[in-house]
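Source file run-v1.pdb; content: PDB, C-alpha atoms.
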```
ATOM      1  CA  MET A 924     252.012 161.673 125.555
ATOM      2  CA  LEU A 925     253.275 162.965 122.256
ATOM      3  CA  SER A 926     253.581 160.611 119.309
ATOM      4  CA  LYS A 927     256.775 160.314 117.292
ATOM      5  CA  SER A 928     255.057 161.910 114.302
ATOM      6  CA  GLN A 929     253.967 164.919 116.373
ATOM      7  CA  ILE A 930     257.475 165.394 117.750
ATOM      8  CA  LYS A 931     258.976 165.055 114.272
ATOM      9  CA  LEU A 932     256.606 167.629 112.780
ATOM     10  CA  ILE A 933     257.061 170.195 115.544
ATOM     11  CA  THR A 934     260.852 169.951 115.716
ATOM     12  CA  SER A 935     261.096 170.132 111.918
ATOM     13  CA  LEU A 936     259.514 173.599 112.048
ATOM     14  CA  LYS A 937     262.773 174.999 113.348
ATOM     15  CA  GLN A 938     263.889 174.894 109.703
ATOM     16  CA  LYS A 939     262.537 177.298 107.104
ATOM     17  CA  LYS A 940     262.050 174.634 104.434
ATOM     18  CA  TYR A 941     259.671 172.648 106.643
ATOM     19  CA  ARG A 942     257.786 175.768 107.705
ATOM     20  CA  GLN A 943     257.275 176.448 104.014
ATOM     21  CA  LYS A 944     256.388 172.828 103.252
ATOM     22  CA  HIS A 945     253.733 172.564 105.972
ATOM     23  CA  ASP A 946     252.700 176.253 106.097
ATOM     24  CA  LEU A 947     253.062 176.095 109.883
ATOM     25  CA  PHE A 948     255.130 177.900 112.511
ATOM     26  CA  VAL A 949     255.779 177.631 116.250
ATOM     27  CA  ALA A 950     255.117 180.114 119.039
ATOM     28  CA  GLU A 951     256.123 179.606 122.668
ATOM     29  CA  GLY A 952     254.981 181.140 125.942
ATOM     30  CA  ILE A 953     251.451 181.753 127.187
ATOM     31  CA  LYS A 954     251.563 185.528 126.654
ATOM     32  CA  THR A 955     252.713 185.263 123.040
ATOM     33  CA  ILE A 956     250.269 182.454 122.284
ATOM     34  CA  LYS A 957     247.338 184.437 123.720
ATOM     35  CA  GLU A 958     248.317 187.438 121.590
ATOM     36  CA  LEU A 959     248.398 185.309 118.453
ATOM     37  CA  MET A 960     245.067 183.666 119.271
ATOM     38  CA  GLN A 961     243.386 187.061 119.489
ATOM     39  CA  SER A 962     244.181 187.555 115.813
ATOM     40  CA  ASN A 963     242.817 185.809 112.728
ATOM     41  CA  LEU A 964     245.540 183.175 112.828
ATOM     42  CA  GLU A 965     244.332 179.581 112.816
ATOM     43  CA  LEU A 966     245.609 177.381 115.637
ATOM     44  CA  TYR A 967     246.873 174.003 114.487
ATOM     45  CA  ALA A 968     247.683 172.586 117.928
ATOM     46  CA  LEU A 969     248.434 173.755 121.461
ATOM     47  CA  TYR A 970     250.679 171.786 123.795
ATOM     48  CA  THR A 971     250.791 172.804 127.448
ATOM     49  CA  THR A 972     251.943 171.413 130.773
ATOM     50  CA  GLU A 973     248.980 172.932 132.622
ATOM     51  CA  GLU A 974     245.466 174.047 131.785
ATOM     52  CA  ILE A 975     245.487 177.687 130.768
ATOM     53  CA  ASN A 976     242.698 180.131 130.146
ATOM     54  CA  ILE A 977     242.669 179.752 126.367
ATOM     55  CA  ASP A 978     239.649 178.634 124.384
ATOM     56  CA  ALA A 979     241.436 176.085 122.218
ATOM     57  CA  LYS A 980     239.845 172.941 120.833
ATOM     58  CA  ASN A 981     243.235 171.558 119.865
ATOM     59  CA  GLU A 982     244.768 171.773 123.342
ATOM     60  CA  VAL A 983     246.893 168.822 124.458
ATOM     61  CA  LEU A 984     248.201 168.424 128.004
ATOM     62  CA  ILE A 985     251.762 167.122 128.022
ATOM     63  CA  SER A 986     254.504 166.525 130.568
ATOM     64  CA  GLU A 987     257.387 168.912 131.165
ATOM     65  CA  SER A 988     259.763 166.344 129.709
ATOM     66  CA  ASP A 989     257.705 166.214 126.496
ATOM     67  CA  LEU A 990     257.687 170.006 126.326
ATOM     68  CA  LYS A 991     261.475 170.020 126.567
ATOM     69  CA  ARG A 992     261.621 167.590 123.637
ATOM     70  CA  ILE A 993     259.675 169.909 121.342
ATOM     71  CA  SER A 994     260.659 173.347 122.666
ATOM     72  CA  PHE A 995     263.193 175.529 120.871
ATOM     73  CA  LEU A 996     263.952 177.417 124.103
ATOM     74  CA  THR A 997     266.690 176.594 126.599
ATOM     75  CA  SER A 998     264.093 176.992 129.354
ATOM     76  CA  PRO A 999     260.639 175.977 128.007
ATOM     77  CA  ASN A1000     257.817 178.324 128.954
ATOM     78  CA  ASN A1001     254.794 176.117 129.897
ATOM     79  CA  ALA A1002     253.189 176.153 126.458
ATOM     80  CA  LEU A1003     253.997 175.695 122.790
ATOM     81  CA  ALA A1004     251.570 176.302 119.946
ATOM     82  CA  VAL A1005     251.662 175.492 116.263
ATOM     83  CA  PHE A1006     249.840 177.974 114.023
ATOM     84  CA  LYS A1007     248.972 177.949 110.347
ATOM     85  CA  LYS A1008     250.760 180.664 108.398
ATOM     86  CA  PRO A1009     248.362 183.365 107.192
ATOM     87  CA  GLU A1010     247.657 184.056 103.544
ATOM     88  CA  LEU A1011     249.852 186.719 101.977
ATOM     89  CA  LYS A1012     248.304 190.165 101.752
ATOM     90  CA  PRO A1013     249.068 192.711  99.026
ATOM     91  CA  ILE A1014     251.282 195.683  99.870
ATOM     92  CA  ASN A1015     249.410 198.889 100.660
ATOM     93  CA  GLU A1016     251.608 201.572  99.115
ATOM     94  CA  ASN A1017     249.978 204.423 101.039
ATOM     95  CA  GLY A1018     251.741 205.769 104.112
ATOM     96  CA  LEU A1019     255.181 204.685 105.271
ATOM     97  CA  ILE A1020     256.707 201.349 104.271
ATOM     98  CA  VAL A1021     259.781 199.874 105.924
ATOM     99  CA  VAL A1022     262.060 197.833 103.654
ATOM    100  CA  LEU A1023     264.787 195.510 104.937
ATOM    101  CA  ASP A1024     267.766 194.620 102.775
ATOM    102  CA  ALA A1025     269.256 191.312 103.980
ATOM    103  CA  VAL A1026     268.693 191.744 107.731
ATOM    104  CA  ARG A1027     269.921 188.417 109.101
ATOM    105  CA  ASP A1028     269.483 188.488 112.867
ATOM    106  CA  PRO A1029     266.146 187.077 114.132
ATOM    107  CA  GLY A1030     266.184 189.379 117.155
ATOM    108  CA  ASN A1031     266.617 192.439 114.957
ATOM    109  CA  LEU A1032     263.771 191.420 112.658
ATOM    110  CA  GLY A1033     261.489 190.645 115.588
ATOM    111  CA  THR A1034     262.230 194.027 117.160
ATOM    112  CA  ILE A1035     261.649 195.842 113.848
ATOM    113  CA  ILE A1036     258.271 194.105 113.484
ATOM    114  CA  ARG A1037     257.351 195.348 116.979
ATOM    115  CA  LEU A1038     258.508 198.844 116.028
ATOM    116  CA  CYS A1039     256.324 198.792 112.910
ATOM    117  CA  ASP A1040     253.376 197.800 115.096
ATOM    118  CA  TRP A1041     254.181 200.559 117.628
ATOM    119  CA  PHE A1042     254.533 203.297 115.026
ATOM    120  CA  GLY A1043     251.545 202.193 112.961
ATOM    121  CA  ILE A1044     253.524 200.947 109.956
ATOM    122  CA  GLU A1045     251.205 198.531 108.151
ATOM    123  CA  ASN A1046     253.685 197.121 105.649
ATOM    124  CA  LEU A1047     257.144 195.647 106.064
ATOM    125  CA  VAL A1048     258.891 194.514 102.886
ATOM    126  CA  CYS A1049     261.862 192.161 103.187
ATOM    127  CA  SER A1050     264.439 191.027 100.667
ATOM    128  CA  ASN A1051     264.549 187.310 100.010
ATOM    129  CA  GLU A1052     267.863 187.264 101.892
ATOM    130  CA  THR A1053     266.285 188.589 105.093
ATOM    131  CA  VAL A1054     265.691 186.073 107.900
ATOM    132  CA  ASP A1055     262.304 184.329 107.784
ATOM    133  CA  CYS A1056     259.708 186.162 109.875
ATOM    134  CA  TYR A1057     258.344 182.780 111.053
ATOM    135  CA  ASN A1058     261.685 181.747 112.511
ATOM    136  CA  PRO A1059     260.910 180.783 116.155
ATOM    137  CA  LYS A1060     263.324 183.411 117.477
ATOM    138  CA  VAL A1061     261.628 186.119 115.388
ATOM    139  CA  ILE A1062     258.175 185.057 116.628
ATOM    140  CA  GLN A1063     259.453 185.207 120.202
ATOM    141  CA  ALA A1064     260.877 188.700 119.705
ATOM    142  CA  THR A1065     257.717 190.124 118.107
ATOM    143  CA  MET A1066     255.584 189.233 121.167
ATOM    144  CA  GLY A1067     252.453 189.096 119.017
ATOM    145  CA  SER A1068     253.104 192.139 116.817
ATOM    146  CA  ILE A1069     253.574 189.907 113.778
ATOM    147  CA  THR A1070     249.769 189.583 113.552
ATOM    148  CA  ARG A1071     249.373 193.350 113.047
ATOM    149  CA  VAL A1072     252.016 193.961 110.370
ATOM    150  CA  THR A1073     251.784 192.794 106.755
ATOM    151  CA  ILE A1074     255.112 191.235 105.773
ATOM    152  CA  ASN A1075     256.127 190.444 102.196
ATOM    153  CA  TYR A1076     259.330 188.909 100.833
ATOM    154  CA  LEU A1077     260.363 189.868  97.319
ATOM    155  CA  ASP A1078     263.100 191.100  95.004
ATOM    156  CA  LEU A1079     263.683 194.626  96.270
ATOM    157  CA  VAL A1080     265.080 196.316  93.162
ATOM    158  CA  PRO A1081     262.006 195.897  90.907
ATOM    159  CA  PHE A1082     259.730 196.823  93.820
ATOM    160  CA  LEU A1083     261.632 200.020  94.584
ATOM    161  CA  LYS A1084     262.059 201.060  90.960
ATOM    162  CA  GLY A1085     258.354 200.516  90.344
ATOM    163  CA  ASN A1086     257.332 202.701  93.267
ATOM    164  CA  LYS A1087     256.645 206.426  92.826
ATOM    165  CA  SER A1088     257.125 207.352  96.499
ATOM    166  CA  PRO A1089     260.370 208.915  97.759
ATOM    167  CA  ILE A1090     262.791 206.215  98.867
ATOM    168  CA  TYR A1091     264.929 207.003 101.909
ATOM    169  CA  GLY A1092     267.971 204.864 102.641
ATOM    170  CA  ALA A1093     269.892 204.804 105.923
ATOM    171  CA  PHE A1094     273.599 205.539 105.348
ATOM    172  CA  MET A1095     276.475 206.759 107.499
ATOM    173  CA  ASP A1096     277.125 209.661 105.084
ATOM    174  CA  GLY A1097     273.532 210.662 104.367
ATOM    175  CA  ASP A1098     271.791 213.941 105.186
ATOM    176  CA  ASN A1099     271.148 214.630 108.871
ATOM    177  CA  VAL A1100     267.651 213.250 109.514
ATOM    178  CA  TYR A1101     267.025 215.860 112.247
ATOM    179  CA  LYS A1102     267.345 218.709 109.724
ATOM    180  CA  LEU A1103     264.963 217.317 107.095
ATOM    181  CA  ASN A1104     261.294 217.898 106.406
ATOM    182  CA  LEU A1105     260.095 214.317 106.163
ATOM    183  CA  PRO A1106     256.936 213.225 104.325
ATOM    184  CA  LYS A1107     254.062 211.225 105.773
ATOM    185  CA  SER A1108     254.322 208.738 102.917
ATOM    186  CA  GLY A1109     257.423 207.078 101.564
ATOM    187  CA  ILE A1110     259.782 204.127 101.855
ATOM    188  CA  ILE A1111     262.519 203.707 104.475
ATOM    189  CA  VAL A1112     265.244 201.209 103.559
ATOM    190  CA  MET A1113     267.409 199.637 106.265
ATOM    191  CA  GLY A1114     270.454 197.575 105.398
ATOM    192  CA  ASN A1115     272.297 194.472 106.491
ATOM    193  CA  GLU A1116     273.864 194.482 109.983
ATOM    194  CA  ALA A1117     277.440 194.209 108.677
ATOM    195  CA  ASN A1118     277.363 195.572 105.141
ATOM    196  CA  GLY A1119     274.541 198.100 105.080
ATOM    197  CA  ILE A1120     272.428 198.618 101.983
ATOM    198  CA  SER A1121     273.609 196.703  98.904
ATOM    199  CA  LYS A1122     274.834 198.553  95.814
ATOM    200  CA  GLU A1123     271.919 197.234  93.751
ATOM    201  CA  VAL A1124     269.349 198.583  96.197
ATOM    202  CA  GLU A1125     271.303 201.817  96.723
ATOM    203  CA  ALA A1126     270.874 202.620  93.033
ATOM    204  CA  ALA A1127     267.088 202.806  93.516
ATOM    205  CA  ILE A1128     267.220 205.129  96.555
ATOM    206  CA  THR A1129     266.234 208.779  96.028
ATOM    207  CA  ASP A1130     267.317 210.232  99.384
ATOM    208  CA  LYS A1131     270.205 209.194 101.627
ATOM    209  CA  ILE A1132     269.688 209.963 105.312
ATOM    210  CA  SER A1133     271.762 209.426 108.434
ATOM    211  CA  ILE A1134     271.551 209.623 112.225
ATOM    212  CA  PRO A1135     274.404 211.896 113.354
ATOM    213  CA  ARG A1136     276.812 210.951 116.114
ATOM    214  CA  PHE A1137     276.946 213.342 119.065
ATOM    215  CA  GLY A1138     279.622 211.706 121.209
ATOM    216  CA  ASP A1139     282.911 213.579 121.628
ATOM    217  CA  MET A1140     285.040 210.614 120.588
ATOM    218  CA  GLN A1141     283.111 209.900 117.348
ATOM    219  CA  VAL A1142     284.465 206.351 117.219
ATOM    220  CA  THR A1143     281.288 204.246 117.279
ATOM    221  CA  GLU A1144     281.062 202.761 113.798
ATOM    222  CA  SER A1145     277.295 202.287 113.538
ATOM    223  CA  LEU A1146     274.014 201.729 115.338
ATOM    224  CA  ASN A1147     272.227 198.423 115.628
ATOM    225  CA  VAL A1148     269.754 198.218 112.715
ATOM    226  CA  ALA A1149     266.743 197.873 115.017
ATOM    227  CA  THR A1150     267.860 200.870 117.097
ATOM    228  CA  ALA A1151     268.391 202.928 113.946
ATOM    229  CA  THR A1152     264.953 201.921 112.672
ATOM    230  CA  ALA A1153     263.370 203.115 115.929
ATOM    231  CA  ILE A1154     265.045 206.523 115.676
ATOM    232  CA  LEU A1155     264.124 207.016 112.019
ATOM    233  CA  LEU A1156     260.507 205.956 112.509
ATOM    234  CA  SER A1157     260.236 208.358 115.429
ATOM    235  CA  GLU A1158     261.468 211.197 113.224
ATOM    236  CA  PHE A1159     259.171 210.301 110.320
ATOM    237  CA  LYS A1160     256.197 210.145 112.674
ATOM    238  CA  ARG A1161     257.017 213.364 114.505
ATOM    239  CA  GLY A1162     254.168 215.856 114.123
ATOM    240  CA  THR A1163     251.841 213.484 112.271
TER     241      THR A1163
END
```

Translate this file's structure into structure tokens.
Amino acid sequence: MLSKSQIKLITSLKQKKYRQKHDLFVAEGIKTIKELMQSNLELYALYTTEEINIDAKNEVLISESDLKRISFLTSPNNALAVFKKPELKPINENGLIVVLDAVRDPGNLGTIIRLCDWFGIENLVCSNETVDCYNPKVIQATMGSITRVTINYLDLVPFLKGNKSPIYGAFMDGDNVYKLNLPKSGIIVMGNEANGISKEVEAAITDKISIPRFGDMQVTESLNVATATAILLSEFKRGT
């Protein structure tokens, strides 16, 4: 049975300020938990309704009702783990870097982290206004990819202005990405779901690029930021 203090700690991790205070985050589902445990992340505690094939010293068997009390999911998925947040790693400025300017949706961030993992992007740089990568919904969406991508949060303008690589920004009126010779190294900036790239960040961008619309009606306003990121990464990686 879970103690009141355990329940209080776990449920508090839904909020960013408590994740920062305790340097802990939550992951749910056996598949995701196994992925995270194969990395260098340190397990703080594992709570499960049944014994699972995981070598965890901190495993605690709990009832389904207890799992519902601590789960952030509508339908709890057999297991919930609390992990210690990893130490921050420096940004490797070689190769491609994806930069996110105030991306707010946890699902979008989680998908972009998975895309970085898929396309071999080692570094993801987020503005301080971007959703926390340890948000439970982000962790769920990454399906373990968060352990293979270095993520840093910082003030984007000084970072971009201090970088010597070409900086590509995704805009509706940019150059057609399919007609460009794209480098193997550089920075790709993706903007906020509703407002795009901010004016402050736009001023630091060297090359504006776009994904052209091919539909006859030409009425779709924009692509989802995660979908656009997938297309751009595919183009940057083509032929490498």

Q: Would you mind telling me which residue in A:Thr997, A:Ala1004, A:Phe948, A:Phe1159 lies nearest to Tyr970 in chain A when using all atoms listed in the file?
A: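 Among the listed residues, the smallest separation from Tyr970 in chain A belongs to A:Ala1004.
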
Q: List the residues selected by the PyMOL selection byres ((chain A and resi 1093) around 10) in the file shown, writing them as a count of residues only.
A: 25

Q: Measuring atom to atom with all atoms listed in the file, identify which of A:Ser1121, A:Thr1065, A:Thr1073, A:Leu1019 is nearest to Lys1160 in chain A.
A: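 Answer, going by the shortest atom-to-atom distance: A:Leu1019.
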
Q: Could you state which residues are captured by the PyMOL selection byres ((chain A and resi 1081-1087) around 12) in this file, as a ChimeraX atom specification?
A: /A:1014-1017,1020-1024,1048-1050,1075-1080,1088-1092,1108-1112,1123-1129

Q: Using all atoms listed in the file, find the one residue out of A:Gln1063, A:Arg1136, A:Gly1033, A:Ile1069 that sits nearest to Asn1099 in chain A.
A: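 Selected residue with least distance to Asn1099 in chain A: A:Arg1136.
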
(Q) Need the shell around Leu959 in chain A: protein/DNA/RNA residues with any atom at most 10 Å away, counting all atoms listed in the file. Skip same-chain ones fewer than 6 positions apart. Format as a list of chain:residue names? (A) A:Ala950, A:Ile953, A:Glu965, A:Leu966, A:Ala1004, A:Phe1006, A:Ile1062, A:Met1066, A:Gly1067, A:Ser1068, A:Ile1069, A:Thr1070, A:Arg1071

**Q.** Using all atoms listed in the file: which of A:Arg1027, A:His945, A:Lys980, A:Lys957 has the shortest distance to Ala1002 in chain A
**A.**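 Comparing A:Arg1027, A:His945, A:Lys980, A:Lys957 against Ala1002 in chain A, the winner is A:Lys957.
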
Q. Mind pulling up the distance from CA of Tyr941 in chain A to CA of Leu925 in chain A?
A. 19.5 Å

Q. With all atoms listed in the file as the atoms that count, which of A:Ala1064, A:Leu964, A:Leu1146, A:Leu932 lies nearest to Arg992 in chain A?
A.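 Among the listed residues, the smallest separation from Arg992 in chain A belongs to A:Leu932.
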
Q. Separation of CA of Ala1153 in chain A and CA of Gln961 in chain A, in Å?
A.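 For CA of Ala1153 in chain A relative to CA of Gln961 in chain A, the distance reads 25.9 Å.
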
Q. Which residue, A:Ser1157, A:Leu947, A:Asn1115, A:Lys1012, has the smallest gap to Ser1145 in chain A when you use only C-alpha atoms?
A.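 Counting only C-alpha atoms, the residue closest to Ser1145 in chain A is A:Asn1115.
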
Q: Find the distance between CA of Gln929 in chain A and CA of Val1054 in chain A and write it in Å to one decimal.
A: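 So the answer is 25.6 Å.
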
Quick one: apply the PyMOL selection byres ((chain A and resi 994) around 12) to the file and drop the selected residues here as a PDB file with C-alpha atoms, in the frame of the given file.
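Contents of result-v9.pdb, as written:
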```pdb
ATOM      1  CA  ILE A 930     257.475 165.394 117.750  1.00  0.00           C
ATOM      2  CA  LYS A 931     258.976 165.055 114.272  1.00  0.00           C
ATOM      3  CA  ILE A 933     257.061 170.195 115.544  1.00  0.00           C
ATOM      4  CA  THR A 934     260.852 169.951 115.716  1.00  0.00           C
ATOM      5  CA  SER A 935     261.096 170.132 111.918  1.00  0.00           C
ATOM      6  CA  LEU A 936     259.514 173.599 112.048  1.00  0.00           C
ATOM      7  CA  LYS A 937     262.773 174.999 113.348  1.00  0.00           C
ATOM      8  CA  VAL A 949     255.779 177.631 116.250  1.00  0.00           C
ATOM      9  CA  ALA A 950     255.117 180.114 119.039  1.00  0.00           C
ATOM     10  CA  GLU A 951     256.123 179.606 122.668  1.00  0.00           C
ATOM     11  CA  GLY A 952     254.981 181.140 125.942  1.00  0.00           C
ATOM     12  CA  TYR A 970     250.679 171.786 123.795  1.00  0.00           C
ATOM     13  CA  THR A 971     250.791 172.804 127.448  1.00  0.00           C
ATOM     14  CA  GLU A 987     257.387 168.912 131.165  1.00  0.00           C
ATOM     15  CA  SER A 988     259.763 166.344 129.709  1.00  0.00           C
ATOM     16  CA  ASP A 989     257.705 166.214 126.496  1.00  0.00           C
ATOM     17  CA  LEU A 990     257.687 170.006 126.326  1.00  0.00           C
ATOM     18  CA  LYS A 991     261.475 170.020 126.567  1.00  0.00           C
ATOM     19  CA  ARG A 992     261.621 167.590 123.637  1.00  0.00           C
ATOM     20  CA  ILE A 993     259.675 169.909 121.342  1.00  0.00           C
ATOM     21  CA  PHE A 995     263.193 175.529 120.871  1.00  0.00           C
ATOM     22  CA  LEU A 996     263.952 177.417 124.103  1.00  0.00           C
ATOM     23  CA  THR A 997     266.690 176.594 126.599  1.00  0.00           C
ATOM     24  CA  SER A 998     264.093 176.992 129.354  1.00  0.00           C
ATOM     25  CA  PRO A 999     260.639 175.977 128.007  1.00  0.00           C
ATOM     26  CA  ASN A1000     257.817 178.324 128.954  1.00  0.00           C
ATOM     27  CA  ASN A1001     254.794 176.117 129.897  1.00  0.00           C
ATOM     28  CA  ALA A1002     253.189 176.153 126.458  1.00  0.00           C
ATOM     29  CA  LEU A1003     253.997 175.695 122.790  1.00  0.00           C
ATOM     30  CA  ALA A1004     251.570 176.302 119.946  1.00  0.00           C
ATOM     31  CA  VAL A1005     251.662 175.492 116.263  1.00  0.00           C
ATOM     32  CA  PRO A1059     260.910 180.783 116.155  1.00  0.00           C
ATOM     33  CA  LYS A1060     263.324 183.411 117.477  1.00  0.00           C
TER      34      LYS A1060
END
```
